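Note sheet for the following structure.
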Amino acid sequence: MTTSVSKLMIEAGQKARAASRRMAAASTADKNKVLLRLAELLEAKKEDIFAANEQDLVKAKENGLKESFVDRLRVTEKVLGLMAEGARQTAALPDPVGEISEMRRRPSGIQVGRMRVPLGVLGIIYESRPNVTVDAACLAVKSGNACILRGGSEAFETNRILGELVQQALTETGLPTEAVQIAPTTDRDFVGEMIRANKYVDVIIPRGGKGLIARLAAEATVPMIHHLDGICHTYVDKDAVIDMAVSVTDNAKTQRYSPCNATETLLVHEAVADVFLPRIGKIFAEKNVEMRCDAKSKAVLEASGLSCVDADPSDWDTEYNAPIISIAVVKSLDEAIAFIEEHSSKHTDAIITNNLQASQRFLREVDSGSVMVNCSTRFADGFEYGLGAEIGISTGKLHARGPVGLEGLTSLKYVVIGNGEGRQ
């Protein structure tokens, strides 16, 4: 690990720590001013942003990166418009910081409650998409945190100018410029320094592929908010309304294949398999979705003239992010819950049923960040949940779980109000 990179991280960490104290005390009005001014700057400086982005695009093409990857780097008028709109929407969200809840008077006379406070310094590590720079900065500012943003080296010039505009908005509003910092180097060693900088960084939030997240989870000493896999299940119960089950399952799998909240495994109760599977199988076949099946589901589908293949044991533990789905028939709700417990990545799982008792059991017993009844797993998203935006998805059990928005970037501390009481 080079001394120079270590020094850069320490300098950034010291500035972020100092800025975090001022951000924690910032008023809602000032934080909103930053976000609204940022939206103006993004629109006013769009030609500068496009010019910086073009530098990154040229380098990406010269380095032989795939067109799909280059496309994720590209900042268009539409992408820039969404960045500005996101800043305005975040400004319009309620500010969770300082909210006091659960205030109760104790027999001693004291009042005990809980106050929502910022986490402190966020270290956010992400790949390719420059819009994450603006999204992350907006959520950090509104939640009263400071942040150090380390985007992919392939988007360095674009992230640099976006970071400068965030800092300009902070400075003009009178809040600390260093509350949002872009990592000053593309050296990969900087990531290693950041994820072990416990003195300066309170939480690491990675957004990227499995390789990145697996590496950080293995090496980080700073606590992390992250998820590794999105192995999501849809279970069609014996009491499902079949029309609903077909519609919801189709959406959960085919609305988009790549997101982490797309359904990867379909479980079907044996009592409805003969009715449901031919209908959903026909839709999958028309959309060229490969069906990888256990023996029972394969028999039903092939009897209906539909093509499918045998599932390998590894299929139940695979996130495809592609037009592929694994299918199994189960004998009961108990078997479905046990299957999910064994194979789910604890991201999102759904039941389709018209049985209230079955739905309540599923909600209680399935141990995932989002658990759903009669709707598509594709709804597991911060915007769809009314969070305005999300910094990521958490499949951990501590602090934040599921889509992480403003509230997930804060924690609770106890506050106690007295009138001269002493403990007896």
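In the structure tokens, chains take letters A, B, ... by order of appearance, with residues numbered from 1 within each chain and ligands from 1 in the order shown.
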Exercise. Which residues come within 10 Å of stretch 135-139 of chain A, counting only C-alpha atoms, excluding same-chain residues fewer than 4 positions away, as a VMD selection string?
Worked result: chain A and resid 31 to 32 34 to 36 38 82 to 84 86 to 91 122 124 130 to 131 143 to 149 162 to 163 166 to 167 179 to 182 205 388 to 392 405 to 407 409
Write out as an mmCIF file with all heavy atoms, in the first residue's frame each polymer residue whose atoms come within 12 Å of stretch 280-282 of chain A, counting only C-alpha atoms; drop sequence neighbours fewer than 4 positions from it.
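That gives us part-v2.cif:
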data_model
loop_
_atom_site.group_PDB
_atom_site.id
_atom_site.type_symbol
_atom_site.label_atom_id
_atom_site.label_comp_id
_atom_site.auth_asym_id
_atom_site.auth_seq_id
_atom_site.Cartn_x
_atom_site.Cartn_y
_atom_site.Cartn_z
ATOM 1 N N VAL A 236 -46.386 -19.331 -5.779
ATOM 2 C CA VAL A 236 -47.807 -19.359 -6.117
ATOM 3 C C VAL A 236 -48.474 -20.416 -5.246
ATOM 4 O O VAL A 236 -48.236 -21.629 -5.407
ATOM 5 C CB VAL A 236 -48.005 -19.667 -7.616
ATOM 6 C CG1 VAL A 236 -49.500 -19.733 -7.943
ATOM 7 C CG2 VAL A 236 -47.316 -18.592 -8.469
ATOM 8 N N ILE A 242 -55.491 -17.434 -10.054
ATOM 9 C CA ILE A 242 -54.569 -17.819 -11.128
ATOM 10 C C ILE A 242 -54.293 -16.657 -12.090
ATOM 11 O O ILE A 242 -53.135 -16.443 -12.491
ATOM 12 C CB ILE A 242 -55.095 -19.049 -11.896
ATOM 13 C CG1 ILE A 242 -55.227 -20.241 -10.933
ATOM 14 C CG2 ILE A 242 -54.163 -19.394 -13.051
ATOM 15 C CD1 ILE A 242 -53.923 -20.644 -10.255
ATOM 16 N N ASP A 243 -55.315 -15.904 -12.436
ATOM 17 C CA ASP A 243 -55.079 -14.759 -13.335
ATOM 18 C C ASP A 243 -54.078 -13.793 -12.720
ATOM 19 O O ASP A 243 -53.177 -13.292 -13.409
ATOM 20 C CB ASP A 243 -56.392 -14.021 -13.620
ATOM 21 C CG ASP A 243 -57.304 -14.794 -14.567
ATOM 22 O OD1 ASP A 243 -56.824 -15.769 -15.188
ATOM 23 O OD2 ASP A 243 -58.486 -14.423 -14.699
ATOM 24 N N MET A 244 -54.248 -13.524 -11.432
ATOM 25 C CA MET A 244 -53.310 -12.633 -10.742
ATOM 26 C C MET A 244 -51.914 -13.246 -10.710
ATOM 27 O O MET A 244 -50.912 -12.560 -10.961
ATOM 28 C CB MET A 244 -53.780 -12.362 -9.305
ATOM 29 C CG MET A 244 -52.807 -11.511 -8.488
ATOM 30 S SD MET A 244 -53.176 -11.540 -6.713
ATOM 31 C CE MET A 244 -54.739 -10.688 -6.691
ATOM 32 N N ALA A 245 -51.835 -14.520 -10.410
ATOM 33 C CA ALA A 245 -50.538 -15.187 -10.314
ATOM 34 C C ALA A 245 -49.788 -15.123 -11.636
ATOM 35 O O ALA A 245 -48.572 -14.891 -11.667
ATOM 36 C CB ALA A 245 -50.729 -16.641 -9.884
ATOM 37 N N VAL A 246 -50.492 -15.307 -12.738
ATOM 38 C CA VAL A 246 -49.863 -15.237 -14.060
ATOM 39 C C VAL A 246 -49.345 -13.837 -14.322
ATOM 40 O O VAL A 246 -48.190 -13.644 -14.736
ATOM 41 C CB VAL A 246 -50.855 -15.667 -15.161
ATOM 42 C CG1 VAL A 246 -50.277 -15.380 -16.547
ATOM 43 C CG2 VAL A 246 -51.194 -17.153 -15.024
ATOM 44 N N SER A 247 -50.177 -12.840 -14.070
ATOM 45 C CA SER A 247 -49.793 -11.454 -14.335
ATOM 46 C C SER A 247 -48.617 -11.007 -13.474
ATOM 47 O O SER A 247 -47.644 -10.422 -13.964
ATOM 48 C CB SER A 247 -51.002 -10.539 -14.094
ATOM 49 O OG SER A 247 -50.640 -9.185 -14.209
ATOM 50 N N VAL A 248 -48.686 -11.313 -12.179
ATOM 51 C CA VAL A 248 -47.632 -10.877 -11.257
ATOM 52 C C VAL A 248 -46.319 -11.591 -11.559
ATOM 53 O O VAL A 248 -45.247 -10.976 -11.585
ATOM 54 C CB VAL A 248 -48.062 -11.116 -9.793
ATOM 55 C CG1 VAL A 248 -46.882 -10.925 -8.845
ATOM 56 C CG2 VAL A 248 -49.199 -10.170 -9.418
ATOM 57 N N THR A 249 -46.382 -12.898 -11.800
ATOM 58 C CA THR A 249 -45.159 -13.654 -12.074
ATOM 59 C C THR A 249 -44.501 -13.188 -13.372
ATOM 60 O O THR A 249 -43.270 -13.053 -13.446
ATOM 61 C CB THR A 249 -45.465 -15.158 -12.156
ATOM 62 O OG1 THR A 249 -46.082 -15.579 -10.935
ATOM 63 C CG2 THR A 249 -44.197 -15.966 -12.392
ATOM 64 N N ASP A 250 -45.308 -12.934 -14.385
ATOM 65 C CA ASP A 250 -44.780 -12.412 -15.650
ATOM 66 C C ASP A 250 -44.029 -11.103 -15.408
ATOM 67 O O ASP A 250 -42.891 -10.931 -15.854
ATOM 68 C CB ASP A 250 -45.942 -12.200 -16.618
ATOM 69 C CG ASP A 250 -45.506 -11.587 -17.937
ATOM 70 O OD1 ASP A 250 -44.324 -11.740 -18.315
ATOM 71 O OD2 ASP A 250 -46.349 -10.948 -18.603
ATOM 72 N N ASN A 251 -44.636 -10.186 -14.672
ATOM 73 C CA ASN A 251 -43.990 -8.906 -14.398
ATOM 74 C C ASN A 251 -42.729 -9.079 -13.577
ATOM 75 O O ASN A 251 -41.690 -8.459 -13.851
ATOM 76 C CB ASN A 251 -44.964 -7.975 -13.662
ATOM 77 C CG ASN A 251 -44.368 -6.606 -13.387
ATOM 78 O OD1 ASN A 251 -43.735 -6.386 -12.361
ATOM 79 N ND2 ASN A 251 -44.565 -5.687 -14.322
ATOM 80 N N ALA A 252 -42.798 -9.953 -12.569
ATOM 81 C CA ALA A 252 -41.656 -10.148 -11.663
ATOM 82 C C ALA A 252 -40.436 -10.673 -12.404
ATOM 83 O O ALA A 252 -39.298 -10.374 -12.020
ATOM 84 C CB ALA A 252 -42.044 -11.098 -10.533
ATOM 85 N N LYS A 253 -40.663 -11.448 -13.473
ATOM 86 C CA LYS A 253 -39.532 -12.006 -14.215
ATOM 87 C C LYS A 253 -39.157 -11.186 -15.439
ATOM 88 O O LYS A 253 -37.970 -10.951 -15.698
ATOM 89 C CB LYS A 253 -39.841 -13.441 -14.656
ATOM 90 C CG LYS A 253 -38.681 -14.091 -15.413
ATOM 91 C CD LYS A 253 -37.448 -14.212 -14.530
ATOM 92 C CE LYS A 253 -36.152 -14.114 -15.274
ATOM 93 N NZ LYS A 253 -34.973 -14.186 -14.374
ATOM 94 N N THR A 254 -40.140 -10.730 -16.214
ATOM 95 C CA THR A 254 -39.829 -10.218 -17.553
ATOM 96 C C THR A 254 -39.904 -8.710 -17.709
ATOM 97 O O THR A 254 -39.545 -8.194 -18.769
ATOM 98 C CB THR A 254 -40.752 -10.858 -18.607
ATOM 99 O OG1 THR A 254 -42.085 -10.328 -18.484
ATOM 100 C CG2 THR A 254 -40.797 -12.375 -18.458
ATOM 101 N N LEU A 266 -39.224 -19.566 -9.345
ATOM 102 C CA LEU A 266 -40.677 -19.656 -9.222
ATOM 103 C C LEU A 266 -41.031 -20.955 -8.509
ATOM 104 O O LEU A 266 -40.634 -22.040 -8.948
ATOM 105 C CB LEU A 266 -41.315 -19.620 -10.611
ATOM 106 C CG LEU A 266 -42.815 -19.918 -10.699
ATOM 107 C CD1 LEU A 266 -43.630 -18.871 -9.939
ATOM 108 C CD2 LEU A 266 -43.248 -19.981 -12.174
ATOM 109 N N VAL A 268 -44.268 -23.291 -7.095
ATOM 110 C CA VAL A 268 -45.691 -23.467 -7.386
ATOM 111 C C VAL A 268 -46.238 -24.616 -6.538
ATOM 112 O O VAL A 268 -45.649 -25.713 -6.520
ATOM 113 C CB VAL A 268 -45.921 -23.779 -8.881
ATOM 114 C CG1 VAL A 268 -47.417 -23.873 -9.179
ATOM 115 C CG2 VAL A 268 -45.263 -22.711 -9.766
ATOM 116 N N VAL A 272 -52.050 -26.386 -7.792
ATOM 117 C CA VAL A 272 -52.383 -25.490 -8.910
ATOM 118 C C VAL A 272 -51.379 -25.594 -10.055
ATOM 119 O O VAL A 272 -51.477 -24.872 -11.042
ATOM 120 C CB VAL A 272 -52.477 -24.017 -8.437
ATOM 121 C CG1 VAL A 272 -53.636 -23.846 -7.463
ATOM 122 C CG2 VAL A 272 -51.168 -23.549 -7.817
ATOM 123 N N ALA A 273 -50.429 -26.500 -9.945
ATOM 124 C CA ALA A 273 -49.370 -26.597 -10.960
ATOM 125 C C ALA A 273 -49.934 -26.901 -12.343
ATOM 126 O O ALA A 273 -49.513 -26.306 -13.351
ATOM 127 C CB ALA A 273 -48.351 -27.657 -10.556
ATOM 128 N N ASP A 274 -50.897 -27.821 -12.430
ATOM 129 C CA ASP A 274 -51.432 -28.221 -13.735
ATOM 130 C C ASP A 274 -52.180 -27.081 -14.419
ATOM 131 O O ASP A 274 -52.272 -27.061 -15.658
ATOM 132 C CB ASP A 274 -52.372 -29.418 -13.580
ATOM 133 C CG ASP A 274 -51.630 -30.708 -13.244
ATOM 134 O OD1 ASP A 274 -50.404 -30.752 -13.468
ATOM 135 O OD2 ASP A 274 -52.267 -31.645 -12.732
ATOM 136 N N VAL A 275 -52.728 -26.160 -13.639
ATOM 137 C CA VAL A 275 -53.470 -25.029 -14.206
ATOM 138 C C VAL A 275 -52.548 -23.840 -14.470
ATOM 139 O O VAL A 275 -52.590 -23.216 -15.541
ATOM 140 C CB VAL A 275 -54.609 -24.595 -13.250
ATOM 141 C CG1 VAL A 275 -55.342 -23.376 -13.816
ATOM 142 C CG2 VAL A 275 -55.574 -25.742 -13.024
ATOM 143 N N PHE A 276 -51.696 -23.548 -13.512
ATOM 144 C CA PHE A 276 -50.870 -22.333 -13.588
ATOM 145 C C PHE A 276 -49.672 -22.464 -14.524
ATOM 146 O O PHE A 276 -49.400 -21.571 -15.339
ATOM 147 C CB PHE A 276 -50.389 -21.958 -12.180
ATOM 148 C CG PHE A 276 -49.369 -20.854 -12.160
ATOM 149 C CD1 PHE A 276 -49.749 -19.538 -12.373
ATOM 150 C CD2 PHE A 276 -48.019 -21.132 -11.934
ATOM 151 C CE1 PHE A 276 -48.806 -18.519 -12.364
ATOM 152 C CE2 PHE A 276 -47.078 -20.130 -11.930
ATOM 153 C CZ PHE A 276 -47.477 -18.805 -12.139
ATOM 154 N N GLU A 286 -43.015 -17.482 -25.213
ATOM 155 C CA GLU A 286 -43.192 -16.395 -26.186
ATOM 156 C C GLU A 286 -42.140 -15.307 -26.011
ATOM 157 O O GLU A 286 -41.775 -14.619 -26.978
ATOM 158 C CB GLU A 286 -44.595 -15.802 -26.045
ATOM 159 C CG GLU A 286 -45.704 -16.740 -26.518
ATOM 160 C CD GLU A 286 -47.087 -16.237 -26.162
ATOM 161 O OE1 GLU A 286 -47.186 -15.264 -25.361
ATOM 162 O OE2 GLU A 286 -48.077 -16.825 -26.665
ATOM 163 N N LYS A 287 -41.648 -15.136 -24.784
ATOM 164 C CA LYS A 287 -40.645 -14.113 -24.506
ATOM 165 C C LYS A 287 -39.228 -14.681 -24.474
ATOM 166 O O LYS A 287 -38.292 -13.991 -24.053
ATOM 167 C CB LYS A 287 -40.978 -13.416 -23.183
ATOM 168 C CG LYS A 287 -42.294 -12.651 -23.236
ATOM 169 C CD LYS A 287 -42.575 -11.881 -21.943
ATOM 170 C CE LYS A 287 -43.866 -11.079 -22.062
ATOM 171 N NZ LYS A 287 -44.163 -10.271 -20.847
ATOM 172 N N ASN A 288 -39.093 -15.926 -24.909
ATOM 173 C CA ASN A 288 -37.778 -16.583 -24.982
ATOM 174 C C ASN A 288 -37.079 -16.658 -23.622
ATOM 175 O O ASN A 288 -35.866 -16.472 -23.523
ATOM 176 C CB ASN A 288 -36.879 -15.877 -26.001
ATOM 177 C CG ASN A 288 -37.428 -15.987 -27.409
ATOM 178 O OD1 ASN A 288 -37.814 -17.069 -27.847
ATOM 179 N ND2 ASN A 288 -37.463 -14.865 -28.117
ATOM 180 N N VAL A 289 -37.856 -16.920 -22.581
ATOM 181 C CA VAL A 289 -37.290 -17.138 -21.249
ATOM 182 C C VAL A 289 -37.027 -18.626 -21.088
ATOM 183 O O VAL A 289 -37.938 -19.450 -21.211
ATOM 184 C CB VAL A 289 -38.250 -16.648 -20.145
ATOM 185 C CG1 VAL A 289 -37.688 -16.979 -18.766
ATOM 186 C CG2 VAL A 289 -38.497 -15.149 -20.278
ATOM 187 N N GLU A 290 -35.787 -18.988 -20.826
ATOM 188 C CA GLU A 290 -35.440 -20.393 -20.622
ATOM 189 C C GLU A 290 -35.939 -20.857 -19.256
ATOM 190 O O GLU A 290 -35.691 -20.208 -18.236
ATOM 191 C CB GLU A 290 -33.923 -20.572 -20.703
ATOM 192 C CG GLU A 290 -33.473 -22.016 -20.468
ATOM 193 C CD GLU A 290 -31.968 -22.181 -20.529
ATOM 194 O OE1 GLU A 290 -31.340 -21.584 -21.430
ATOM 195 O OE2 GLU A 290 -31.416 -22.874 -19.656
ATOM 196 N N MET A 291 -36.638 -21.981 -19.229
ATOM 197 C CA MET A 291 -37.186 -22.516 -17.989
ATOM 198 C C MET A 291 -36.356 -23.722 -17.538
ATOM 199 O O MET A 291 -36.261 -24.723 -18.253
ATOM 200 C CB MET A 291 -38.646 -22.918 -18.187
ATOM 201 C CG MET A 291 -39.554 -21.729 -18.449
ATOM 202 S SD MET A 291 -41.269 -22.198 -18.848
ATOM 203 C CE MET A 291 -41.132 -22.529 -20.618
ATOM 204 N N ARG A 292 -35.761 -23.624 -16.359
ATOM 205 C CA ARG A 292 -34.957 -24.695 -15.784
ATOM 206 C C ARG A 292 -35.762 -25.324 -14.646
ATOM 207 O O ARG A 292 -35.994 -24.670 -13.621
ATOM 208 C CB ARG A 292 -33.615 -24.157 -15.303
ATOM 209 C CG ARG A 292 -32.802 -23.526 -16.443
ATOM 210 C CD ARG A 292 -31.428 -23.085 -16.007
ATOM 211 N NE ARG A 292 -30.688 -22.487 -17.115
ATOM 212 C CZ ARG A 292 -29.445 -22.004 -17.027
ATOM 213 N NH1 ARG A 292 -28.803 -22.062 -15.851
ATOM 214 N NH2 ARG A 292 -28.860 -21.483 -18.077
ATOM 215 N N CYS A 293 -36.175 -26.562 -14.830
ATOM 216 C CA CYS A 293 -37.248 -27.128 -14.003
ATOM 217 C C CYS A 293 -36.843 -28.358 -13.207
ATOM 218 O O CYS A 293 -35.987 -29.147 -13.632
ATOM 219 C CB CYS A 293 -38.414 -27.509 -14.911
ATOM 220 S SG CYS A 293 -39.048 -26.138 -15.894
ATOM 221 N N SER A 297 -42.327 -29.943 -12.333
ATOM 222 C CA SER A 297 -42.707 -28.823 -13.195
ATOM 223 C C SER A 297 -42.372 -29.122 -14.654
ATOM 224 O O SER A 297 -43.110 -28.740 -15.563
ATOM 225 C CB SER A 297 -42.012 -27.540 -12.739
ATOM 226 O OG SER A 297 -40.601 -27.666 -12.787
ATOM 227 N N LYS A 298 -41.277 -29.855 -14.896
ATOM 228 C CA LYS A 298 -40.916 -30.209 -16.264
ATOM 229 C C LYS A 298 -41.982 -31.117 -16.888
ATOM 230 O O LYS A 298 -42.363 -30.949 -18.062
ATOM 231 C CB LYS A 298 -39.556 -30.905 -16.291
ATOM 232 C CG LYS A 298 -39.050 -31.178 -17.704
ATOM 233 C CD LYS A 298 -37.698 -31.882 -17.698
ATOM 234 C CE LYS A 298 -37.208 -32.117 -19.123
ATOM 235 N NZ LYS A 298 -35.966 -32.909 -19.185
ATOM 236 N N VAL A 300 -45.187 -31.254 -16.213
ATOM 237 C CA VAL A 300 -46.383 -30.475 -16.512
ATOM 238 C C VAL A 300 -46.176 -29.628 -17.755
ATOM 239 O O VAL A 300 -47.038 -29.566 -18.649
ATOM 240 C CB VAL A 300 -46.763 -29.587 -15.311
ATOM 241 C CG1 VAL A 300 -47.919 -28.648 -15.684
ATOM 242 C CG2 VAL A 300 -47.148 -30.436 -14.109
ATOM 243 N N LEU A 301 -45.045 -28.963 -17.846
ATOM 244 C CA LEU A 301 -44.784 -28.074 -18.976
ATOM 245 C C LEU A 301 -44.639 -28.860 -20.275
ATOM 246 O O LEU A 301 -45.176 -28.461 -21.319
ATOM 247 C CB LEU A 301 -43.527 -27.241 -18.701
ATOM 248 C CG LEU A 301 -43.693 -26.172 -17.621
ATOM 249 C CD1 LEU A 301 -42.334 -25.652 -17.161
ATOM 250 C CD2 LEU A 301 -44.557 -25.023 -18.127
ATOM 251 N N GLU A 302 -43.929 -29.969 -20.233
ATOM 252 C CA GLU A 302 -43.750 -30.760 -21.452
ATOM 253 C C GLU A 302 -45.063 -31.393 -21.909
ATOM 254 O O GLU A 302 -45.307 -31.545 -23.113
ATOM 255 C CB GLU A 302 -42.685 -31.826 -21.224
ATOM 256 C CG GLU A 302 -41.276 -31.242 -21.140
ATOM 257 C CD GLU A 302 -40.190 -32.297 -21.031
ATOM 258 O OE1 GLU A 302 -40.494 -33.428 -20.582
ATOM 259 O OE2 GLU A 302 -39.041 -31.981 -21.390
ATOM 260 N N ALA A 303 -45.948 -31.729 -20.958
ATOM 261 C CA ALA A 303 -47.258 -32.267 -21.323
ATOM 262 C C ALA A 303 -48.101 -31.233 -22.063
ATOM 263 O O ALA A 303 -49.022 -31.585 -22.809
ATOM 264 C CB ALA A 303 -47.992 -32.751 -20.070
ATOM 265 N N SER A 304 -47.749 -29.957 -21.857
ATOM 266 C CA SER A 304 -48.453 -28.864 -22.545
ATOM 267 C C SER A 304 -47.732 -28.453 -23.825
ATOM 268 O O SER A 304 -48.091 -27.443 -24.436
ATOM 269 C CB SER A 304 -48.578 -27.652 -21.614
ATOM 270 O OG SER A 304 -49.282 -27.987 -20.440
ATOM 271 N N GLY A 305 -46.710 -29.219 -24.205
ATOM 272 C CA GLY A 305 -45.987 -28.936 -25.429
ATOM 273 C C GLY A 305 -44.962 -27.822 -25.312
ATOM 274 O O GLY A 305 -44.527 -27.269 -26.327
ATOM 275 N N LEU A 306 -44.569 -27.506 -24.089
ATOM 276 C CA LEU A 306 -43.616 -26.412 -23.865
ATOM 277 C C LEU A 306 -42.221 -26.972 -23.608
ATOM 278 O O LEU A 306 -42.052 -28.001 -22.963
ATOM 279 C CB LEU A 306 -44.068 -25.562 -22.683
ATOM 280 C CG LEU A 306 -45.396 -24.828 -22.894
ATOM 281 C CD1 LEU A 306 -45.923 -24.282 -21.575
ATOM 282 C CD2 LEU A 306 -45.231 -23.695 -23.908
ATOM 283 N N SER A 307 -41.232 -26.270 -24.119
ATOM 284 C CA SER A 307 -39.850 -26.710 -23.992
ATOM 285 C C SER A 307 -39.223 -26.186 -22.708
ATOM 286 O O SER A 307 -39.384 -25.005 -22.356
ATOM 287 C CB SER A 307 -39.032 -26.221 -25.195
ATOM 288 O OG SER A 307 -37.681 -26.579 -25.067
ATOM 289 N N CYS A 308 -38.502 -27.068 -22.009
ATOM 290 C CA CYS A 308 -37.791 -26.659 -20.796
ATOM 291 C C CYS A 308 -36.610 -27.603 -20.603
ATOM 292 O O CYS A 308 -36.473 -28.598 -21.312
ATOM 293 C CB CYS A 308 -38.708 -26.666 -19.574
ATOM 294 S SG CYS A 308 -39.587 -28.226 -19.317
ATOM 295 N N ILE A 324 -33.852 -16.188 -17.913
ATOM 296 C CA ILE A 324 -33.786 -17.569 -17.420
ATOM 297 C C ILE A 324 -34.519 -17.606 -16.082
ATOM 298 O O ILE A 324 -34.373 -16.682 -15.269
ATOM 299 C CB ILE A 324 -32.331 -18.031 -17.202
ATOM 300 C CG1 ILE A 324 -31.497 -17.890 -18.479
ATOM 301 C CG2 ILE A 324 -32.292 -19.472 -16.694
ATOM 302 C CD1 ILE A 324 -30.005 -18.101 -18.250
ATOM 303 N N ILE A 325 -35.295 -18.646 -15.847
ATOM 304 C CA ILE A 325 -35.959 -18.780 -14.551
ATOM 305 C C ILE A 325 -35.921 -20.249 -14.127
ATOM 306 O O ILE A 325 -36.052 -21.150 -14.961
ATOM 307 C CB ILE A 325 -37.420 -18.271 -14.603
ATOM 308 C CG1 ILE A 325 -38.014 -18.201 -13.186
ATOM 309 C CG2 ILE A 325 -38.291 -19.112 -15.539
ATOM 310 C CD1 ILE A 325 -39.291 -17.388 -13.100
ATOM 311 N N SER A 326 -35.696 -20.483 -12.843
ATOM 312 C CA SER A 326 -35.758 -21.839 -12.305
ATOM 313 C C SER A 326 -37.139 -22.053 -11.689
ATOM 314 O O SER A 326 -37.711 -21.135 -11.098
ATOM 315 C CB SER A 326 -34.651 -22.074 -11.276
ATOM 316 O OG SER A 326 -34.664 -21.085 -10.272
ATOM 317 N N ILE A 327 -37.678 -23.258 -11.853
ATOM 318 C CA ILE A 327 -39.058 -23.542 -11.439
ATOM 319 C C ILE A 327 -39.100 -24.849 -10.651
ATOM 320 O O ILE A 327 -38.499 -25.851 -11.058
ATOM 321 C CB ILE A 327 -40.000 -23.656 -12.658
ATOM 322 C CG1 ILE A 327 -39.921 -22.390 -13.528
ATOM 323 C CG2 ILE A 327 -41.440 -23.899 -12.207
ATOM 324 C CD1 ILE A 327 -40.719 -22.497 -14.833
#
Problem set entry | DSSP-assigned strand (DSSP E) members of stretch 62-197 of chain A, reported as a PyMOL selection string | chain A and resi 100-105+111-118+121-126+146-150+180-182
Exercise. Looking at only C-alpha atoms, which of A:His227, A:Val329, A:Lys296, A:Gly408 is the one that sits closest to A:Lys346?
Worked result: A:His227
Exercise. Of the residues A:Val121, A:Ala52, A:Val330, A:Leu212, which is the one nearest to A:Ala16, using only C-alpha atoms?
Worked result: A:Val121
Exercise. Which neighbours of A:Ala400 fall inside 10 Å, counting only C-alpha atoms, when residues of the same chain fewer than 3 positions from it are skipped, and could you give them as a ChimeraX atom specification?
Worked result: /A:225-226,369,393-397,403-405,407-411
Exercise. Which neighbours of A:Lys46 fall inside 12 Å, counting only C-alpha atoms, when residues of the same chain fewer than 2 positions from it are skipped, and could you give them as a list in words?
Worked result: Leu38, Ala39, Glu40, Leu41, Leu42, Glu43, Ala44, Asp48, Ile49, Phe50, Ala51, Ala52, Asn53, Val75, Thr76, Glu77, Lys78, Val79, Leu80, Gly81, Met83, Ala84, Thr158, Ile161, Leu162 and Leu165 of chain A
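Shortest atom-to-atom contact with A:His347 among A:Lys199, A:Lys238, A:Arg17, A:His233: A:His233, counting only C-alpha atoms.
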For this session: Enumerate, as a ChimeraX atom specification, the complete set of residues in stretch 128-180 of chain A that a backbone-based DSSP assignment places in alpha helix (DSSP H).
Result: /A:131-142,156-173
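Here atom CA of A:Gly209 stands at a distance of 16.7 Å from atom CA of A:Asp317.
Atom CA of A:Arg256 to atom CA of A:Leu277 spans 20.7 Å [interatomic distance, one decimal].
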Find the residues around A:Phe190 up to 8 Å (only C-alpha atoms counted), leave out those fewer than 5 positions away in its own chain, and share them as a PDB file with C-alpha atoms, in the first residue's frame.
ATOM      1  CA  VAL A   5      -2.508   6.911  -1.268  1.00  0.00           C
ATOM      2  CA  SER A   6      -2.735   6.390   2.488  1.00  0.00           C
ATOM      3  CA  MET A   9      -7.284   8.962   2.383  1.00  0.00           C
ATOM      4  CA  ALA A 183     -11.815  10.382  -4.297  1.00  0.00           C
ATOM      5  CA  THR A 185      -7.184   9.341  -7.316  1.00  0.00           C
TER       6      THR A 185
END
For this session: One decimal, Å: what's the distance from atom CA of A:Ile204 over to atom CA of A:Gly174, could you say?
Result: 26.7 Å
